[in-house]
Amino acid sequence: MRTKSTIMTVSAGAVAGVGVALAAYPRFARERCLHWGATEQEAVATLPGDELLSDPDILSTRAVTIDAPAAAIWPWMVQMGPGRGGAYTYDWIENLMGLDMHSANEILPEFQNLQVGDTFQLGSKGPVMRVAVLDPQHSLVYHSEDGNWVWSFTLVEQHGQTRLMSRNRIRSPKAGAIGRAFNTAIMEPGSLVMERKMLQGFKERAERTAADTAPAYAARQTQRERLG
């Protein structure tokens with residue numbers, strides 16, 4: 001049986017370990033966390049929606065390569081949202097926060113007609129996100145109604161593949177020193193866990209869509225060639 005002093009020593013060691021990890025994160029892991037999957041050029045590139053929020057407190061650019069054209073990704077993108085197609089990440093975590101996310105595994109026709117100005121709210125007390133930019137098969141940008149968050153998705157086709165970049169620009173005007181430290185040490189790594197899963201969710205779904213439609217596309221191409 002552990003003595004009280006042993007338990008206190010273990011607890012103190014655990015606290016110290018967490019403290020070291022939190023202190024080391026900004027110096028050794030933050031850039032990798034904020035720019036997971038993105039190239040150096042993508043991380044500093046100007047993307048649609050950047051002009052909507054200058055000098056953010058948090059700026060992240062994360063990316064994934066998808067073996068599919070932008071046309072196979074776009075339907076999954078426009079149906080995102082609570083009560084819609086979900087976010088393709090860990091639904092159980094999202095729903096612990098009351099976000100009503102249920103990630104779809106099929107394209108939902110009823111949610112394909114997204115328009116600039118359309119909104120959804122993240123939870124009953126969360127920010128209201130409004131579509132600010134919608135350029136089909138190129139970019140989709142959400143801007144929170146309070147002006148403190150811009151979330152953009154950019155598609156760039158290259159060599160038969162598509163790069164999907166997700167950028168978050170977040171301002172925290174009411175956060176004090178403790179709040180900012182919490183955002184940096186806890187929220188940023190947590191956002192990587194969720195966003196990495198989301199990007200992989202896009203990849204899996206869009207590549208499946210491309211594979212399913214490839215035979216039909218090839219048949220249409222053959223028919224066009226025969227007709228001259």
# chains A, B, ... in the order shown; residues from 1 in each chain; ligands from 1
>>> residues_around(residues="region 162-179 of chain A", least_positions_apart="5", cutoff="9 Å", atoms="only C-alpha atoms", output="NGL selection string")
:A and (37-38 or 42-43 or 47 or 50 or 53-70 or 73 or 147-157 or 184 or 195 or 199 or 202-203)
>>> write_last_selection(atoms="C-alpha atoms", output="tab-separated table (two decimals), in the first residue's frame")
chain	number	residue	atom	x	y	z
A	37	GLY	CA	0.56	18.79	-43.06
A	38	ALA	CA	1.18	22.24	-44.58
A	42	GLU	CA	1.27	27.13	-47.69
A	43	ALA	CA	1.73	28.26	-44.09
A	47	LEU	CA	-5.52	32.61	-48.76
A	50	ASP	CA	-7.32	36.37	-44.68
A	53	LEU	CA	-9.35	39.35	-39.72
A	54	SER	CA	-5.96	40.98	-39.31
A	55	ASP	CA	-3.49	40.30	-36.47
A	56	PRO	CA	-5.09	37.12	-35.06
A	57	ASP	CA	-3.95	35.73	-31.73
A	58	ILE	CA	-3.96	32.22	-33.21
A	59	LEU	CA	-3.18	31.44	-36.84
A	60	SER	CA	-3.12	27.84	-38.00
A	61	THR	CA	-2.83	26.32	-41.46
A	62	ARG	CA	-3.22	22.57	-41.76
A	63	ALA	CA	-3.38	20.58	-44.95
A	64	VAL	CA	-3.73	17.19	-46.58
A	65	THR	CA	-3.19	15.77	-50.08
A	66	ILE	CA	-6.26	14.08	-51.53
A	67	ASP	CA	-6.06	11.69	-54.48
A	68	ALA	CA	-9.17	13.14	-56.06
A	69	PRO	CA	-10.21	16.25	-58.02
A	70	ALA	CA	-11.70	19.25	-56.25
A	73	ILE	CA	-14.24	17.13	-52.37
A	147	GLY	CA	-15.77	39.02	-35.99
A	148	ASN	CA	-13.26	37.01	-33.96
A	149	TRP	CA	-12.93	33.87	-36.07
A	150	VAL	CA	-12.30	33.21	-39.75
A	151	TRP	CA	-12.24	29.58	-40.87
A	152	SER	CA	-11.31	28.98	-44.49
A	153	PHE	CA	-11.02	25.93	-46.72
A	154	THR	CA	-8.96	26.19	-49.89
A	155	LEU	CA	-8.63	23.63	-52.67
A	156	VAL	CA	-5.65	23.63	-55.05
A	157	GLU	CA	-5.43	20.98	-57.75
A	184	THR	CA	-1.85	28.08	-26.38
A	195	GLU	CA	-8.67	18.97	-37.33
A	199	LEU	CA	-8.85	16.44	-42.90
A	202	PHE	CA	-12.33	14.58	-46.11
A	203	LYS	CA	-9.60	12.50	-47.74
>>> select_by_dssp(residues="region 51-176 of chain A", states="strand (DSSP E or B)", output="ChimeraX atom specification")
/A:58-66,81,86,119-121,128-135,139-144,149-158,161-170
>>> write_last_selection(atoms="N, CA and C atoms", output="short mmCIF file (atom, residue, chain, number, x, y, z; two decimals), in the first residue's frame")
data_model
loop_
_atom_site.label_atom_id
_atom_site.label_comp_id
_atom_site.auth_asym_id
_atom_site.auth_seq_id
_atom_site.Cartn_x
_atom_site.Cartn_y
_atom_site.Cartn_z
N ILE A 58 -4.30 33.57 -32.78
CA ILE A 58 -3.96 32.22 -33.21
C ILE A 58 -4.13 32.14 -34.72
N LEU A 59 -3.12 31.64 -35.40
CA LEU A 59 -3.18 31.44 -36.84
C LEU A 59 -2.65 30.05 -37.15
N SER A 60 -3.53 29.20 -37.65
CA SER A 60 -3.12 27.84 -38.00
C SER A 60 -3.46 27.55 -39.45
N THR A 61 -2.59 26.80 -40.11
CA THR A 61 -2.83 26.32 -41.46
C THR A 61 -2.45 24.85 -41.50
N ARG A 62 -3.44 24.01 -41.71
CA ARG A 62 -3.22 22.57 -41.76
C ARG A 62 -3.72 22.05 -43.09
N ALA A 63 -3.08 20.99 -43.59
CA ALA A 63 -3.38 20.58 -44.95
C ALA A 63 -3.23 19.08 -45.14
N VAL A 64 -3.82 18.60 -46.23
CA VAL A 64 -3.73 17.19 -46.58
C VAL A 64 -3.79 17.08 -48.11
N THR A 65 -3.12 16.06 -48.64
CA THR A 65 -3.19 15.77 -50.08
C THR A 65 -4.25 14.71 -50.30
N ILE A 66 -5.16 15.00 -51.23
CA ILE A 66 -6.26 14.08 -51.53
C ILE A 66 -6.13 13.59 -52.96
N GLY A 81 -21.44 20.96 -41.06
CA GLY A 81 -22.10 21.79 -40.07
C GLY A 81 -22.99 20.98 -39.14
N GLY A 86 -22.17 17.21 -40.50
CA GLY A 86 -21.18 17.03 -39.45
C GLY A 86 -19.84 17.65 -39.81
N THR A 119 -25.88 30.62 -42.49
CA THR A 119 -25.27 30.54 -41.16
C THR A 119 -25.55 29.20 -40.49
N PHE A 120 -24.70 28.88 -39.52
CA PHE A 120 -24.99 27.83 -38.56
C PHE A 120 -24.34 28.22 -37.24
N GLN A 121 -24.88 27.72 -36.14
CA GLN A 121 -24.35 28.03 -34.82
C GLN A 121 -23.73 26.81 -34.21
N VAL A 128 -21.87 32.06 -34.05
CA VAL A 128 -22.63 31.89 -35.29
C VAL A 128 -21.67 32.10 -36.45
N MET A 129 -21.54 31.09 -37.30
CA MET A 129 -20.63 31.16 -38.43
C MET A 129 -21.41 31.46 -39.71
N ARG A 130 -20.96 32.47 -40.44
CA ARG A 130 -21.65 32.91 -41.66
C ARG A 130 -20.74 32.68 -42.87
N VAL A 131 -21.30 32.18 -43.96
CA VAL A 131 -20.53 32.00 -45.19
C VAL A 131 -20.18 33.37 -45.74
N ALA A 132 -18.88 33.66 -45.81
CA ALA A 132 -18.41 34.96 -46.30
C ALA A 132 -17.89 34.87 -47.72
N VAL A 133 -17.28 33.74 -48.07
CA VAL A 133 -16.74 33.54 -49.42
C VAL A 133 -17.13 32.15 -49.87
N LEU A 134 -17.64 32.03 -51.09
CA LEU A 134 -17.99 30.74 -51.65
C LEU A 134 -17.63 30.74 -53.13
N ASP A 135 -16.52 30.10 -53.44
CA ASP A 135 -16.04 29.96 -54.82
C ASP A 135 -15.99 28.48 -55.12
N SER A 139 -12.76 27.67 -52.91
CA SER A 139 -12.64 28.16 -51.53
C SER A 139 -13.99 28.34 -50.88
N LEU A 140 -14.00 28.08 -49.58
CA LEU A 140 -15.18 28.29 -48.73
C LEU A 140 -14.69 28.91 -47.44
N VAL A 141 -15.24 30.08 -47.09
CA VAL A 141 -14.77 30.81 -45.92
C VAL A 141 -15.95 31.14 -45.02
N TYR A 142 -15.80 30.80 -43.73
CA TYR A 142 -16.77 31.17 -42.71
C TYR A 142 -16.19 32.28 -41.84
N HIS A 143 -17.05 33.24 -41.45
CA HIS A 143 -16.64 34.34 -40.59
C HIS A 143 -17.65 34.43 -39.45
N SER A 144 -17.17 34.35 -38.22
CA SER A 144 -18.10 34.41 -37.08
C SER A 144 -18.74 35.79 -37.00
N TRP A 149 -13.38 35.16 -35.54
CA TRP A 149 -12.93 33.87 -36.07
C TRP A 149 -13.19 33.82 -37.57
N VAL A 150 -12.17 33.49 -38.32
CA VAL A 150 -12.30 33.21 -39.75
C VAL A 150 -11.78 31.81 -40.00
N TRP A 151 -12.62 30.97 -40.59
CA TRP A 151 -12.24 29.58 -40.87
C TRP A 151 -12.39 29.37 -42.36
N SER A 152 -11.28 29.11 -43.04
CA SER A 152 -11.31 28.98 -44.49
C SER A 152 -10.84 27.61 -44.94
N PHE A 153 -11.42 27.17 -46.05
CA PHE A 153 -11.02 25.93 -46.72
C PHE A 153 -10.64 26.30 -48.15
N THR A 154 -9.45 25.88 -48.56
CA THR A 154 -8.96 26.19 -49.89
C THR A 154 -8.54 24.92 -50.60
N LEU A 155 -8.96 24.79 -51.85
CA LEU A 155 -8.63 23.63 -52.67
C LEU A 155 -7.71 24.06 -53.81
N VAL A 156 -6.60 23.34 -53.97
CA VAL A 156 -5.65 23.63 -55.05
C VAL A 156 -5.32 22.31 -55.74
N GLU A 157 -5.72 22.20 -57.00
CA GLU A 157 -5.43 20.98 -57.75
C GLU A 157 -4.01 21.04 -58.31
N GLN A 158 -3.32 19.91 -58.23
CA GLN A 158 -1.96 19.83 -58.75
C GLN A 158 -1.61 18.39 -59.06
N GLN A 161 -3.91 15.52 -58.20
CA GLN A 161 -4.33 15.47 -56.80
C GLN A 161 -4.85 16.83 -56.39
N THR A 162 -5.34 16.93 -55.17
CA THR A 162 -5.82 18.22 -54.65
C THR A 162 -5.28 18.44 -53.25
N ARG A 163 -4.74 19.62 -53.04
CA ARG A 163 -4.34 20.02 -51.69
C ARG A 163 -5.54 20.72 -51.04
N LEU A 164 -5.90 20.23 -49.87
CA LEU A 164 -6.96 20.86 -49.07
C LEU A 164 -6.30 21.53 -47.88
N MET A 165 -6.46 22.86 -47.80
CA MET A 165 -5.91 23.62 -46.69
C MET A 165 -7.03 24.17 -45.82
N SER A 166 -6.90 23.97 -44.53
CA SER A 166 -7.84 24.52 -43.55
C SER A 166 -7.09 25.55 -42.72
N ARG A 167 -7.57 26.79 -42.75
CA ARG A 167 -6.89 27.86 -42.00
C ARG A 167 -7.85 28.47 -40.98
N ASN A 168 -7.37 28.63 -39.77
CA ASN A 168 -8.11 29.30 -38.71
C ASN A 168 -7.37 30.57 -38.30
N ARG A 169 -8.10 31.66 -38.29
CA ARG A 169 -7.60 32.94 -37.78
C ARG A 169 -8.52 33.32 -36.63
N ILE A 170 -7.97 33.35 -35.41
CA ILE A 170 -8.80 33.53 -34.22
C ILE A 170 -8.24 34.68 -33.37
#
>>> select_by_dssp(residues="region 98-204 of chain A", states="helix (DSSP H, G or I)", output="VMD selection string")
chain A and resid 109 to 111 177 to 204
>>> closest_residue(among="A:His35, A:His138, A:Arg84, A:Arg30", to="Ala71 (chain A)", atoms="only C-alpha atoms")
A:His138
>>> residues_around(residues="Met101 (chain A)", least_positions_apart="4", cutoff="10 Å", atoms="only C-alpha atoms", output="compact mmCIF listing (two decimals) with N, CA and C atoms, in the first residue's frame")
# COMPACT_ATOMS: atom_id res chain seq x y z
N MET A 80 -21.03 20.49 -44.64
CA MET A 80 -20.56 20.48 -43.26
C MET A 80 -21.45 21.32 -42.35
N GLY A 81 -21.44 20.96 -41.06
CA GLY A 81 -22.10 21.79 -40.07
C GLY A 81 -22.99 20.98 -39.14
N PRO A 82 -23.31 21.53 -37.97
CA PRO A 82 -24.20 20.85 -37.02
C PRO A 82 -25.59 20.70 -37.61
N GLY A 83 -26.18 19.51 -37.43
CA GLY A 83 -27.49 19.25 -38.00
C GLY A 83 -27.46 19.08 -39.50
N ARG A 84 -26.25 19.06 -40.07
CA ARG A 84 -26.08 18.89 -41.52
C ARG A 84 -25.22 17.63 -41.74
N GLY A 85 -24.07 17.81 -42.39
CA GLY A 85 -23.21 16.66 -42.65
C GLY A 85 -22.15 16.42 -41.60
N GLY A 86 -22.17 17.21 -40.50
CA GLY A 86 -21.18 17.03 -39.45
C GLY A 86 -19.84 17.65 -39.81
N ALA A 87 -18.79 17.17 -39.16
CA ALA A 87 -17.46 17.74 -39.36
C ALA A 87 -16.40 16.68 -39.68
N TYR A 88 -16.83 15.41 -39.83
CA TYR A 88 -15.91 14.33 -40.22
C TYR A 88 -14.78 14.12 -39.22
N THR A 89 -15.05 14.42 -37.97
CA THR A 89 -14.03 14.26 -36.94
C THR A 89 -14.60 13.35 -35.85
N TYR A 90 -14.20 13.53 -34.60
CA TYR A 90 -14.67 12.67 -33.52
C TYR A 90 -16.02 13.20 -33.02
N ASP A 91 -17.10 12.63 -33.53
CA ASP A 91 -18.44 13.12 -33.17
C ASP A 91 -18.68 13.09 -31.67
N TRP A 92 -18.19 12.05 -31.00
CA TRP A 92 -18.49 11.92 -29.58
C TRP A 92 -17.87 13.06 -28.78
N ILE A 93 -16.72 13.55 -29.23
CA ILE A 93 -16.11 14.70 -28.54
C ILE A 93 -16.91 15.96 -28.84
N GLU A 94 -17.26 16.16 -30.12
CA GLU A 94 -18.06 17.32 -30.51
C GLU A 94 -19.37 17.36 -29.72
N ASN A 95 -20.00 16.20 -29.56
CA ASN A 95 -21.32 16.17 -28.94
C ASN A 95 -21.27 16.26 -27.42
N LEU A 96 -20.10 15.99 -26.84
CA LEU A 96 -19.94 16.27 -25.41
C LEU A 96 -20.09 17.77 -25.15
N MET A 97 -19.78 18.56 -26.18
CA MET A 97 -19.90 20.01 -26.07
C MET A 97 -21.22 20.52 -26.63
N LEU A 122 -22.59 26.99 -33.59
CA LEU A 122 -21.88 25.89 -32.93
C LEU A 122 -22.37 25.78 -31.49
N GLY A 123 -23.37 24.92 -31.29
CA GLY A 123 -23.95 24.79 -29.96
C GLY A 123 -24.94 25.89 -29.67
>>> atom_distance(atom1="CA of Ala206 (chain A)", atom2="CA of Ala72 (chain A)")
5.3 Å
>>> atom_distance(atom1="CA of Asp100 (chain A)", atom2="CA of Gly190 (chain A)")
18.8 Å
>>> residues_around(residues="Leu108 (chain A)", least_positions_apart="3", cutoff="9 Å", atoms="only C-alpha atoms", output="list in words")
Pro75, Trp76, Gln79, Arg84, Gly85, Ala104, Phe111 and Gln112 of chain A
>>> decode(residues="region 48-80 of chain A", atoms="N, CA and C atoms", output="short mmCIF file (atom, residue, chain, number, x, y, z; two decimals), in the first residue's frame")
data_model
loop_
_atom_site.label_atom_id
_atom_site.label_comp_id
_atom_site.auth_asym_id
_atom_site.auth_seq_id
_atom_site.Cartn_x
_atom_site.Cartn_y
_atom_site.Cartn_z
N PRO A 48 -7.86 32.98 -49.42
CA PRO A 48 -9.15 33.67 -49.33
C PRO A 48 -9.64 33.74 -47.88
N GLY A 49 -10.10 34.91 -47.49
CA GLY A 49 -10.61 35.12 -46.14
C GLY A 49 -9.60 35.76 -45.20
N ASP A 50 -8.33 35.78 -45.56
CA ASP A 50 -7.32 36.37 -44.68
C ASP A 50 -7.62 37.84 -44.41
N GLU A 51 -8.19 38.50 -45.40
CA GLU A 51 -8.44 39.94 -45.27
C GLU A 51 -9.55 40.26 -44.26
N LEU A 52 -10.28 39.24 -43.82
CA LEU A 52 -11.41 39.48 -42.92
C LEU A 52 -11.02 39.65 -41.47
N LEU A 53 -9.80 39.23 -41.11
CA LEU A 53 -9.35 39.35 -39.72
C LEU A 53 -7.83 39.52 -39.71
N SER A 54 -7.40 40.72 -39.37
CA SER A 54 -5.96 40.98 -39.31
C SER A 54 -5.45 40.75 -37.89
N ASP A 55 -4.17 40.47 -37.77
CA ASP A 55 -3.49 40.30 -36.47
C ASP A 55 -4.21 39.34 -35.54
N PRO A 56 -4.44 38.09 -35.95
CA PRO A 56 -5.09 37.12 -35.06
C PRO A 56 -4.16 36.69 -33.93
N ASP A 57 -4.75 36.27 -32.82
CA ASP A 57 -3.95 35.73 -31.73
C ASP A 57 -3.49 34.31 -32.04
N ILE A 58 -4.30 33.57 -32.78
CA ILE A 58 -3.96 32.22 -33.21
C ILE A 58 -4.13 32.14 -34.72
N LEU A 59 -3.12 31.64 -35.40
CA LEU A 59 -3.18 31.44 -36.84
C LEU A 59 -2.65 30.05 -37.15
N SER A 60 -3.53 29.20 -37.65
CA SER A 60 -3.12 27.84 -38.00
C SER A 60 -3.46 27.55 -39.45
N THR A 61 -2.59 26.80 -40.11
CA THR A 61 -2.83 26.32 -41.46
C THR A 61 -2.45 24.85 -41.50
N ARG A 62 -3.44 24.01 -41.71
CA ARG A 62 -3.22 22.57 -41.76
C ARG A 62 -3.72 22.05 -43.09
N ALA A 63 -3.08 20.99 -43.59
CA ALA A 63 -3.38 20.58 -44.95
C ALA A 63 -3.23 19.08 -45.14
N VAL A 64 -3.82 18.60 -46.23
CA VAL A 64 -3.73 17.19 -46.58
C VAL A 64 -3.79 17.08 -48.11
N THR A 65 -3.12 16.06 -48.64
CA THR A 65 -3.19 15.77 -50.08
C THR A 65 -4.25 14.71 -50.30
N ILE A 66 -5.16 15.00 -51.23
CA ILE A 66 -6.26 14.08 -51.53
C ILE A 66 -6.13 13.59 -52.96
N ASP A 67 -6.16 12.29 -53.14
CA ASP A 67 -6.06 11.69 -54.48
C ASP A 67 -7.42 11.73 -55.16
N ALA A 68 -7.86 12.93 -55.43
CA ALA A 68 -9.17 13.14 -56.06
C ALA A 68 -9.22 14.58 -56.55
N PRO A 69 -10.05 14.86 -57.55
CA PRO A 69 -10.21 16.25 -58.02
C PRO A 69 -11.02 17.06 -57.03
N ALA A 70 -10.94 18.37 -57.14
CA ALA A 70 -11.70 19.25 -56.25
C ALA A 70 -13.20 18.99 -56.34
N ALA A 71 -13.66 18.56 -57.50
CA ALA A 71 -15.09 18.30 -57.69
C ALA A 71 -15.58 17.17 -56.79
N ALA A 72 -14.70 16.25 -56.41
CA ALA A 72 -15.09 15.15 -55.53
C ALA A 72 -15.05 15.56 -54.06
N ILE A 73 -14.38 16.64 -53.75
CA ILE A 73 -14.24 17.13 -52.37
C ILE A 73 -15.34 18.13 -52.03
N TRP A 74 -15.67 18.96 -52.99
CA TRP A 74 -16.58 20.08 -52.75
C TRP A 74 -17.93 19.67 -52.14
N PRO A 75 -18.60 18.62 -52.63
CA PRO A 75 -19.89 18.27 -52.03
C PRO A 75 -19.80 17.95 -50.54
N TRP A 76 -18.69 17.34 -50.13
CA TRP A 76 -18.50 17.02 -48.72
C TRP A 76 -18.27 18.30 -47.91
N MET A 77 -17.65 19.29 -48.55
CA MET A 77 -17.33 20.53 -47.86
C MET A 77 -18.57 21.37 -47.60
N VAL A 78 -19.42 21.53 -48.63
CA VAL A 78 -20.55 22.44 -48.47
C VAL A 78 -21.64 21.90 -47.55
N GLN A 79 -21.63 20.60 -47.28
CA GLN A 79 -22.67 20.05 -46.40
C GLN A 79 -22.23 20.00 -44.94
N MET A 80 -21.03 20.49 -44.64
CA MET A 80 -20.56 20.48 -43.26
C MET A 80 -21.45 21.32 -42.35
#
